[in-house]
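K.L.:
Submitted below is the structure of interest, expressed as structure tokens.
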Amino acid sequence: MKREIAGIVLAGGQSRRMGGGDKSLLPLGDGCLLDQVVSRFAPQIESMALSANGDPARFLRFGLPVLADSVPGFAGPLAGILTGLEWAAANRSCKAIVSAAGDTPFLPLDLVERLAGAADQSPGSIAVARSAGKRHPTFALWPIGCRDALRHFLVDEDIRRVSAFIDRHGFVEVEFPVPPSAGIDPFFNINEPDDLVSAERLLQSIKP
């Protein structure tokens, strides 16, 4: 199963609420936000790439392919997902990719396993994560076969909402619980400077 699924970290947002720049490279713990994401995501998949526009050299130390959007005009995370699907289809024997946001430092350690299990029960569907009653559309398993429909949706119809494509394509949702002991939603993401402060505090609280 692991060899059939590639991972795409969506690391190319414009981060307006954080003052611009690469949110995923902001300091967190002993490294940066992306270090935390990669350390939790990479063991779950056979291969991984970063979705980001601009100079790829800023991510050089991660040793990962950096994929610029195949759709021009900063079309958002859906463009990164499409590019990831096209990369996986061209370069690997993958049946799906799993996408993960690059600003979510506590993503589940069983994300891929549980999404893949749900997708197996509903072949051809997108498996999308939920927690605390909220869908997380950038955390999903995307079958390779949906890439042509996604390109049409994004380019020809010019619709950029990730959830809109999920709703149209057909999907299954997978609920990820918020552990009562730690109380950390695994999809807690960094949108504003205060969120980064909270993430640092939470990270310290769960360290052994």
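Identifiers in this document derive from the order of the structure tokens: chains are assigned A, B, ..., residues are numbered from 1 separately in each chain, and ligands are numbered from 1 in order of occurrence.
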At a cut-off of 10 Å, using only C-alpha atoms, what residues contact Arg147 in chain A? Leave out same-chain residues fewer than 6 positions from it and give the result as a PyMOL selection string.

P.N.:
chain A and resi 81-86+89+153

K.L.:
Residues near Phe139 in chain A, anyone? I mean within 8 Å using only C-alpha atoms, not counting same-chain ones fewer than 4 positions away, as a list in words.

P.N.:
Val98, Ser99, Ala100, Ala101, Val128 and Ala129 of chain A

K.L.:
Please save all heavy atoms of the selected residues as a compact mmCIF listing (two decimals), in the first residue's frame.

P.N.:
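The resulting result10.txt:
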```
# COMPACT_ATOMS: atom_id res chain seq x y z
N VAL A 98 -1.77 11.54 -1.34
CA VAL A 98 -2.39 12.15 -0.17
C VAL A 98 -1.79 13.54 -0.02
O VAL A 98 -0.57 13.71 -0.04
CB VAL A 98 -2.15 11.32 1.11
CG1 VAL A 98 -2.58 12.10 2.35
CG2 VAL A 98 -2.91 10.00 1.04
N SER A 99 -2.66 14.53 0.09
CA SER A 99 -2.21 15.91 0.28
C SER A 99 -2.27 16.27 1.75
O SER A 99 -3.09 15.76 2.52
CB SER A 99 -3.08 16.87 -0.52
OG SER A 99 -4.45 16.76 -0.13
N ALA A 100 -1.35 17.16 2.15
CA ALA A 100 -1.31 17.66 3.53
C ALA A 100 -0.87 19.11 3.49
O ALA A 100 0.01 19.48 2.70
CB ALA A 100 -0.35 16.83 4.38
N ALA A 101 -1.47 19.92 4.33
CA ALA A 101 -1.11 21.34 4.39
C ALA A 101 0.21 21.51 5.13
O ALA A 101 0.47 20.84 6.13
CB ALA A 101 -2.21 22.13 5.08
N VAL A 128 -11.51 12.17 2.50
CA VAL A 128 -11.16 13.46 3.08
C VAL A 128 -11.30 13.42 4.60
O VAL A 128 -12.19 12.77 5.14
CB VAL A 128 -12.02 14.59 2.45
CG1 VAL A 128 -13.51 14.35 2.67
CG2 VAL A 128 -11.61 15.96 2.99
N ALA A 129 -10.38 14.08 5.27
CA ALA A 129 -10.34 14.05 6.73
C ALA A 129 -11.34 15.02 7.35
O ALA A 129 -11.66 16.07 6.78
CB ALA A 129 -8.93 14.40 7.21
```

K.L.:
Counting only C-alpha atoms, what is within 7 Å of range 24-26 of chain A, bar same-chain residues fewer than 2 positions away, as a list in words?

P.N.:
Ala11, Asp22, Leu28, Cys32, Leu33, Leu34, Gly102 and Asp103 of chain A

K.L.:
Go ahead and save the residues from that selection, with all heavy atoms, as an mmCIF file, in the first residue's frame.

P.N.:
```
data_model
loop_
_atom_site.group_PDB
_atom_site.id
_atom_site.type_symbol
_atom_site.label_atom_id
_atom_site.label_comp_id
_atom_site.auth_asym_id
_atom_site.auth_seq_id
_atom_site.Cartn_x
_atom_site.Cartn_y
_atom_site.Cartn_z
ATOM 1 N N ALA A 11 2.903 23.630 0.405
ATOM 2 C CA ALA A 11 3.753 24.565 1.147
ATOM 3 C C ALA A 11 3.852 25.926 0.481
ATOM 4 O O ALA A 11 4.695 26.738 0.864
ATOM 5 C CB ALA A 11 5.156 23.969 1.288
ATOM 6 N N ASP A 22 7.112 32.625 3.276
ATOM 7 C CA ASP A 22 6.851 31.196 3.401
ATOM 8 C C ASP A 22 6.485 30.853 4.837
ATOM 9 O O ASP A 22 7.356 30.717 5.704
ATOM 10 C CB ASP A 22 8.078 30.395 2.982
ATOM 11 C CG ASP A 22 8.330 30.462 1.489
ATOM 12 O OD1 ASP A 22 7.431 30.069 0.724
ATOM 13 O OD2 ASP A 22 9.412 30.918 1.092
ATOM 14 N N LEU A 28 9.854 26.801 14.496
ATOM 15 C CA LEU A 28 9.011 26.062 15.426
ATOM 16 C C LEU A 28 9.851 24.945 16.028
ATOM 17 O O LEU A 28 10.463 24.159 15.289
ATOM 18 C CB LEU A 28 7.787 25.472 14.725
ATOM 19 C CG LEU A 28 6.824 24.682 15.624
ATOM 20 C CD1 LEU A 28 6.150 25.594 16.651
ATOM 21 C CD2 LEU A 28 5.762 23.945 14.794
ATOM 22 N N CYS A 32 11.780 24.282 11.845
ATOM 23 C CA CYS A 32 10.727 25.155 11.333
ATOM 24 C C CYS A 32 9.434 24.358 11.236
ATOM 25 O O CYS A 32 9.399 23.144 11.469
ATOM 26 C CB CYS A 32 11.119 25.759 9.986
ATOM 27 S SG CYS A 32 11.186 24.571 8.618
ATOM 28 N N LEU A 33 8.381 25.046 10.898
ATOM 29 C CA LEU A 33 7.059 24.424 10.788
ATOM 30 C C LEU A 33 7.084 23.246 9.807
ATOM 31 O O LEU A 33 6.529 22.173 10.088
ATOM 32 C CB LEU A 33 6.063 25.496 10.349
ATOM 33 C CG LEU A 33 4.599 25.162 10.183
ATOM 34 C CD1 LEU A 33 4.040 24.449 11.393
ATOM 35 C CD2 LEU A 33 3.815 26.449 9.913
ATOM 36 N N LEU A 34 7.755 23.405 8.683
ATOM 37 C CA LEU A 34 7.794 22.336 7.686
ATOM 38 C C LEU A 34 8.563 21.117 8.197
ATOM 39 O O LEU A 34 8.223 19.984 7.845
ATOM 40 C CB LEU A 34 8.401 22.861 6.383
ATOM 41 C CG LEU A 34 8.354 21.919 5.183
ATOM 42 C CD1 LEU A 34 6.931 21.482 4.865
ATOM 43 C CD2 LEU A 34 8.984 22.593 3.953
ATOM 44 N N GLY A 102 1.035 22.430 4.647
ATOM 45 C CA GLY A 102 2.347 22.650 5.236
ATOM 46 C C GLY A 102 2.347 23.501 6.476
ATOM 47 O O GLY A 102 3.419 23.831 7.002
ATOM 48 N N ASP A 103 1.172 23.870 6.967
ATOM 49 C CA ASP A 103 1.095 24.718 8.167
ATOM 50 C C ASP A 103 0.391 23.995 9.318
ATOM 51 O O ASP A 103 -0.146 24.642 10.209
ATOM 52 C CB ASP A 103 0.387 26.033 7.846
ATOM 53 C CG ASP A 103 -1.071 25.843 7.410
ATOM 54 O OD1 ASP A 103 -1.493 24.674 7.216
ATOM 55 O OD2 ASP A 103 -1.775 26.856 7.256
#
```

K.L.:
Quick one: residues within 10 Å of Glu173 in chain A, only C-alpha atoms counted, chain neighbours fewer than 2 positions away excluded, as a short mmCIF file (atom, residue, chain, number, x, y, z; two decimals) with C-alpha atoms, in the first residue's frame?

P.N.:
```cif
data_model
loop_
_atom_site.label_atom_id
_atom_site.label_comp_id
_atom_site.auth_asym_id
_atom_site.auth_seq_id
_atom_site.Cartn_x
_atom_site.Cartn_y
_atom_site.Cartn_z
CA LEU A 115 -7.62 7.61 4.38
CA ALA A 118 -11.65 4.40 3.61
CA ALA A 119 -10.82 4.79 -0.08
CA SER A 125 -13.78 8.32 -4.32
CA ILE A 126 -11.77 11.03 -2.63
CA ALA A 127 -11.20 10.25 1.05
CA VAL A 128 -11.16 13.46 3.08
CA ALA A 129 -10.34 14.05 6.73
CA ARG A 130 -12.64 15.51 9.37
CA SER A 131 -12.17 16.43 13.01
CA ARG A 135 -13.98 18.85 7.03
CA HIS A 136 -10.31 19.44 6.14
CA PRO A 137 -10.28 19.38 2.34
CA ALA A 140 -7.33 14.02 1.46
CA PHE A 171 -16.11 11.37 -1.50
CA GLU A 175 -13.27 11.29 11.28
CA PHE A 176 -10.06 11.84 13.26
#
```

K.L.:
Using only C-alpha atoms, determine which residues lie at most 12 Å from Ala164 in chain A, disregarding the query and same-chain residues fewer than 6 positions distant; provide the list as a CSV table (one decimal) with all heavy atoms, in the first residue's frame.

P.N.:
```csv
chain,number,residue,atom,x,y,z
A,78,LEU,N,-5.8,23.8,-4.8
A,78,LEU,CA,-6.3,22.9,-5.8
A,78,LEU,C,-5.2,22.7,-7.0
A,78,LEU,O,-5.1,21.6,-7.5
A,78,LEU,CB,-7.6,23.3,-6.4
A,78,LEU,CG,-8.6,22.2,-6.9
A,78,LEU,CD1,-8.8,21.1,-5.9
A,78,LEU,CD2,-9.9,22.8,-7.3
A,137,PRO,N,-10.4,19.8,3.7
A,137,PRO,CA,-10.3,19.4,2.3
A,137,PRO,C,-8.9,19.3,1.8
A,137,PRO,O,-8.6,18.6,0.8
A,137,PRO,CB,-11.1,20.4,1.6
A,137,PRO,CG,-11.2,21.6,2.5
A,137,PRO,CD,-11.2,21.1,3.9
A,138,THR,N,-7.9,20.0,2.4
A,138,THR,CA,-6.5,19.8,1.9
A,138,THR,C,-5.8,18.6,2.5
A,138,THR,O,-4.7,18.3,2.1
A,138,THR,CB,-5.7,21.1,2.3
A,138,THR,OG1,-5.7,21.4,3.7
A,138,THR,CG2,-6.2,22.3,1.5
A,150,LEU,N,-10.1,17.1,-12.7
A,150,LEU,CA,-9.7,18.2,-11.8
A,150,LEU,C,-9.1,19.3,-12.7
A,150,LEU,O,-9.4,20.5,-12.4
A,150,LEU,CB,-8.6,17.7,-10.8
A,150,LEU,CG,-8.0,18.8,-9.9
A,150,LEU,CD1,-9.1,19.6,-9.2
A,150,LEU,CD2,-7.1,18.1,-8.8
A,153,PHE,N,-12.0,21.2,-14.2
A,153,PHE,CA,-12.7,21.9,-13.2
A,153,PHE,C,-11.9,23.2,-12.9
A,153,PHE,O,-12.5,24.3,-12.8
A,153,PHE,CB,-12.8,21.1,-11.9
A,153,PHE,CG,-13.5,21.7,-10.8
A,153,PHE,CD1,-14.9,21.5,-10.7
A,153,PHE,CD2,-12.8,22.3,-9.7
A,153,PHE,CE1,-15.6,22.1,-9.6
A,153,PHE,CE2,-13.5,22.8,-8.6
A,153,PHE,CZ,-14.9,22.7,-8.6
A,154,LEU,N,-10.6,23.1,-12.8
A,154,LEU,CA,-9.8,24.3,-12.4
A,154,LEU,C,-9.5,25.2,-13.5
A,154,LEU,O,-9.6,26.4,-13.4
A,154,LEU,CB,-8.5,23.7,-11.8
A,154,LEU,CG,-7.5,24.8,-11.2
A,154,LEU,CD1,-8.1,25.6,-10.0
A,154,LEU,CD2,-6.2,24.1,-10.7
A,157,GLU,N,-13.3,25.5,-16.1
A,157,GLU,CA,-14.5,26.1,-15.3
A,157,GLU,C,-14.0,27.2,-14.4
A,157,GLU,O,-14.8,28.0,-13.9
A,157,GLU,CB,-15.2,25.0,-14.5
A,157,GLU,CG,-15.8,23.9,-15.4
A,157,GLU,CD,-16.7,23.0,-14.6
A,157,GLU,OE1,-17.6,23.5,-13.9
A,157,GLU,OE2,-16.4,21.8,-14.7
A,158,ASP,N,-12.7,27.3,-14.1
A,158,ASP,CA,-12.1,28.3,-13.3
A,158,ASP,C,-12.7,28.3,-11.9
A,158,ASP,O,-13.1,29.4,-11.4
A,158,ASP,CB,-12.3,29.7,-13.9
A,158,ASP,CG,-11.4,30.8,-13.3
A,158,ASP,OD1,-10.4,30.4,-12.6
A,158,ASP,OD2,-11.7,32.0,-13.3
A,170,GLY,N,-17.3,13.0,-5.7
A,170,GLY,CA,-17.7,11.9,-4.9
A,170,GLY,C,-16.7,11.6,-3.8
A,170,GLY,O,-15.5,11.6,-4.1
A,171,PHE,N,-17.1,11.4,-2.6
A,171,PHE,CA,-16.1,11.4,-1.5
A,171,PHE,C,-16.6,10.5,-0.3
A,171,PHE,O,-17.8,10.2,-0.2
A,171,PHE,CB,-15.8,12.8,-1.0
A,171,PHE,CG,-17.0,13.5,-0.4
A,171,PHE,CD1,-17.2,13.4,1.0
A,171,PHE,CD2,-17.9,14.2,-1.2
A,171,PHE,CE1,-18.4,14.0,1.6
A,171,PHE,CE2,-19.0,14.8,-0.6
A,171,PHE,CZ,-19.2,14.7,0.7
```

K.L.:
Between CA of Lys23 in chain A and CA of Ala79 in chain A, what is the distance in Å, rounded to a tenth?

P.N.:
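A separation of 18.1 Å between them.
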
K.L.:
Env of Ser39 in chain A: 10 Å cut, atoms = only C-alpha atoms, seq-sep filter 5 positions within chain, self excluded. Answer as a ChimeraX atom specification.

P.N.:
/A:34,44,105,109

K.L.:
So that I can check the secondary structure, give me every residue of range 51-206 of chain A assigned helix (DSSP H, G or I) by backbone DSSP, as a PyMOL selection string.

P.N.:
chain A and resi 56-62+77-91+111-121+144-156+162-169+193-206

K.L.:
Can I get the selected residues back with C-alpha atoms, as a PDB file, in the first residue's frame?

P.N.:
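Writing done, so here's part28.pdb:
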```pdb
ATOM      1  CA  PRO A  56      12.926  26.007  -5.096  1.00  0.00           C
ATOM      2  CA  ALA A  57      16.355  26.583  -3.519  1.00  0.00           C
ATOM      3  CA  ARG A  58      14.758  27.800  -0.288  1.00  0.00           C
ATOM      4  CA  PHE A  59      13.610  24.219   0.351  1.00  0.00           C
ATOM      5  CA  LEU A  60      16.898  22.612  -0.683  1.00  0.00           C
ATOM      6  CA  ARG A  61      17.795  21.188   2.713  1.00  0.00           C
ATOM      7  CA  PHE A  62      14.678  19.007   2.751  1.00  0.00           C
ATOM      8  CA  PRO A  77      -4.185  24.567  -3.147  1.00  0.00           C
ATOM      9  CA  LEU A  78      -6.259  22.871  -5.837  1.00  0.00           C
ATOM     10  CA  ALA A  79      -3.517  23.736  -8.342  1.00  0.00           C
ATOM     11  CA  GLY A  80      -0.940  22.142  -6.064  1.00  0.00           C
ATOM     12  CA  ILE A  81      -3.048  19.004  -5.771  1.00  0.00           C
ATOM     13  CA  LEU A  82      -3.440  18.829  -9.555  1.00  0.00           C
ATOM     14  CA  THR A  83       0.303  19.260 -10.061  1.00  0.00           C
ATOM     15  CA  GLY A  84       0.954  16.559  -7.484  1.00  0.00           C
ATOM     16  CA  LEU A  85      -1.381  14.166  -9.267  1.00  0.00           C
ATOM     17  CA  GLU A  86       0.313  14.830 -12.601  1.00  0.00           C
ATOM     18  CA  TRP A  87       3.767  14.379 -11.044  1.00  0.00           C
ATOM     19  CA  ALA A  88       2.795  11.088  -9.434  1.00  0.00           C
ATOM     20  CA  ALA A  89       1.179   9.800 -12.617  1.00  0.00           C
ATOM     21  CA  ALA A  90       4.225  10.651 -14.732  1.00  0.00           C
ATOM     22  CA  ASN A  91       6.960   9.505 -12.387  1.00  0.00           C
ATOM     23  CA  LEU A 111      -3.427   9.919   8.244  1.00  0.00           C
ATOM     24  CA  VAL A 112      -2.488   7.900   5.156  1.00  0.00           C
ATOM     25  CA  GLU A 113      -3.457   4.532   6.614  1.00  0.00           C
ATOM     26  CA  ARG A 114      -6.929   5.655   7.566  1.00  0.00           C
ATOM     27  CA  LEU A 115      -7.617   7.615   4.383  1.00  0.00           C
ATOM     28  CA  ALA A 116      -6.418   4.697   2.261  1.00  0.00           C
ATOM     29  CA  GLY A 117      -8.591   2.268   4.208  1.00  0.00           C
ATOM     30  CA  ALA A 118     -11.653   4.400   3.607  1.00  0.00           C
ATOM     31  CA  ALA A 119     -10.818   4.791  -0.083  1.00  0.00           C
ATOM     32  CA  ASP A 120     -10.524   1.029  -0.447  1.00  0.00           C
ATOM     33  CA  GLN A 121     -14.106   0.722   0.740  1.00  0.00           C
ATOM     34  CA  ILE A 144      -4.754   9.366  -9.832  1.00  0.00           C
ATOM     35  CA  GLY A 145      -7.687   8.880 -12.181  1.00  0.00           C
ATOM     36  CA  CYS A 146      -9.348  12.146 -11.121  1.00  0.00           C
ATOM     37  CA  ARG A 147      -6.614  14.389 -12.516  1.00  0.00           C
ATOM     38  CA  ASP A 148      -8.222  15.088 -15.913  1.00  0.00           C
ATOM     39  CA  ALA A 149     -11.531  16.020 -14.307  1.00  0.00           C
ATOM     40  CA  LEU A 150      -9.667  18.214 -11.833  1.00  0.00           C
ATOM     41  CA  ARG A 151      -7.780  20.037 -14.582  1.00  0.00           C
ATOM     42  CA  HIS A 152     -11.060  20.697 -16.423  1.00  0.00           C
ATOM     43  CA  PHE A 153     -12.666  21.943 -13.195  1.00  0.00           C
ATOM     44  CA  LEU A 154      -9.775  24.269 -12.360  1.00  0.00           C
ATOM     45  CA  VAL A 155      -8.751  25.500 -15.810  1.00  0.00           C
ATOM     46  CA  ASP A 156     -11.852  25.350 -17.999  1.00  0.00           C
ATOM     47  CA  VAL A 162     -11.140  22.419  -3.003  1.00  0.00           C
ATOM     48  CA  SER A 163     -14.384  21.394  -1.311  1.00  0.00           C
ATOM     49  CA  ALA A 164     -16.372  22.159  -4.463  1.00  0.00           C
ATOM     50  CA  PHE A 165     -14.404  19.607  -6.446  1.00  0.00           C
ATOM     51  CA  ILE A 166     -14.620  17.041  -3.646  1.00  0.00           C
ATOM     52  CA  ASP A 167     -18.407  17.450  -3.548  1.00  0.00           C
ATOM     53  CA  ARG A 168     -18.703  17.023  -7.296  1.00  0.00           C
ATOM     54  CA  HIS A 169     -16.366  14.073  -7.609  1.00  0.00           C
ATOM     55  CA  PRO A 193       1.193  34.922  14.685  1.00  0.00           C
ATOM     56  CA  ASP A 194      -0.706  33.902  17.822  1.00  0.00           C
ATOM     57  CA  ASP A 195      -1.258  30.450  16.319  1.00  0.00           C
ATOM     58  CA  LEU A 196       2.493  29.971  16.042  1.00  0.00           C
ATOM     59  CA  VAL A 197       2.884  30.859  19.722  1.00  0.00           C
ATOM     60  CA  SER A 198       0.180  28.329  20.585  1.00  0.00           C
ATOM     61  CA  ALA A 199       1.856  25.677  18.422  1.00  0.00           C
ATOM     62  CA  GLU A 200       5.162  26.179  20.211  1.00  0.00           C
ATOM     63  CA  ARG A 201       3.461  25.763  23.562  1.00  0.00           C
ATOM     64  CA  LEU A 202       1.594  22.658  22.409  1.00  0.00           C
ATOM     65  CA  LEU A 203       4.762  21.165  20.928  1.00  0.00           C
ATOM     66  CA  GLN A 204       6.599  21.587  24.207  1.00  0.00           C
ATOM     67  CA  SER A 205       3.708  20.046  26.133  1.00  0.00           C
ATOM     68  CA  ILE A 206       3.790  16.800  24.122  1.00  0.00           C
TER      69      ILE A 206
END
```

K.L.:
Within 9 Å of Asp185 in chain A, counting only C-alpha atoms, which residues show up once you throw out same-chain ones fewer than 5 positions away? Write them as a short mmCIF file (atom, residue, chain, number, x, y, z; two decimals) with all heavy atoms, in the first residue's frame, please.

P.N.:
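Saved the output as result29.cif:
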```
data_model
loop_
_atom_site.label_atom_id
_atom_site.label_comp_id
_atom_site.auth_asym_id
_atom_site.auth_seq_id
_atom_site.Cartn_x
_atom_site.Cartn_y
_atom_site.Cartn_z
N PHE A 106 0.73 19.17 13.70
CA PHE A 106 0.33 18.01 14.51
C PHE A 106 -0.50 17.01 13.71
O PHE A 106 -1.30 16.26 14.27
CB PHE A 106 -0.44 18.48 15.75
CG PHE A 106 0.30 19.53 16.53
CD1 PHE A 106 -0.13 20.85 16.53
CD2 PHE A 106 1.44 19.20 17.25
CE1 PHE A 106 0.55 21.83 17.24
CE2 PHE A 106 2.14 20.17 17.96
CZ PHE A 106 1.70 21.49 17.96
N LEU A 107 -0.30 16.97 12.39
CA LEU A 107 -1.11 16.10 11.54
C LEU A 107 -1.03 14.65 12.02
O LEU A 107 -0.03 14.22 12.58
CB LEU A 107 -0.70 16.23 10.08
CG LEU A 107 0.69 15.74 9.63
CD1 LEU A 107 0.66 14.28 9.23
CD2 LEU A 107 1.19 16.59 8.48
N SER A 131 -12.37 16.48 11.56
CA SER A 131 -12.17 16.43 13.01
C SER A 131 -13.06 17.50 13.64
O SER A 131 -13.31 18.54 13.03
CB SER A 131 -10.70 16.69 13.40
OG SER A 131 -10.32 18.02 13.10
N ALA A 132 -13.54 17.20 14.83
CA ALA A 132 -14.38 18.14 15.57
C ALA A 132 -15.52 18.68 14.71
O ALA A 132 -15.87 19.86 14.77
CB ALA A 132 -13.54 19.29 16.13
N PHE A 176 -11.24 11.99 12.42
CA PHE A 176 -10.06 11.84 13.26
C PHE A 176 -10.38 12.47 14.61
O PHE A 176 -10.68 13.67 14.69
CB PHE A 176 -8.85 12.53 12.63
CG PHE A 176 -8.29 11.79 11.45
CD1 PHE A 176 -8.87 11.94 10.19
CD2 PHE A 176 -7.21 10.93 11.58
CE1 PHE A 176 -8.36 11.26 9.08
CE2 PHE A 176 -6.70 10.24 10.49
CZ PHE A 176 -7.28 10.40 9.24
N PRO A 177 -10.33 11.69 15.68
CA PRO A 177 -10.72 12.23 16.98
C PRO A 177 -9.69 13.21 17.53
O PRO A 177 -8.50 13.14 17.20
CB PRO A 177 -10.80 10.97 17.86
CG PRO A 177 -9.86 10.01 17.22
CD PRO A 177 -9.94 10.27 15.74
N VAL A 178 -10.17 14.11 18.36
CA VAL A 178 -9.30 15.00 19.12
C VAL A 178 -9.02 14.29 20.45
O VAL A 178 -9.93 14.09 21.24
CB VAL A 178 -9.95 16.37 19.37
CG1 VAL A 178 -9.04 17.25 20.23
CG2 VAL A 178 -10.26 17.06 18.05
N PRO A 179 -7.77 13.88 20.69
CA PRO A 179 -7.48 13.12 21.91
C PRO A 179 -7.85 13.91 23.16
O PRO A 179 -7.41 15.05 23.32
CB PRO A 179 -5.96 12.89 21.84
CG PRO A 179 -5.61 13.07 20.41
CD PRO A 179 -6.57 14.09 19.87
#
```

K.L.:
For the strand (DSSP E or B) assignment from backbone DSSP, which residues of range 32-161 of chain A qualify? Please present them as a count of residues only.

P.N.:
30

K.L.:
At what distance in Å, to one decimal, does CA of Pro186 in chain A lie from CA of Ala49 in chain A?

P.N.:
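These two atoms are separated by 21.2 Å.
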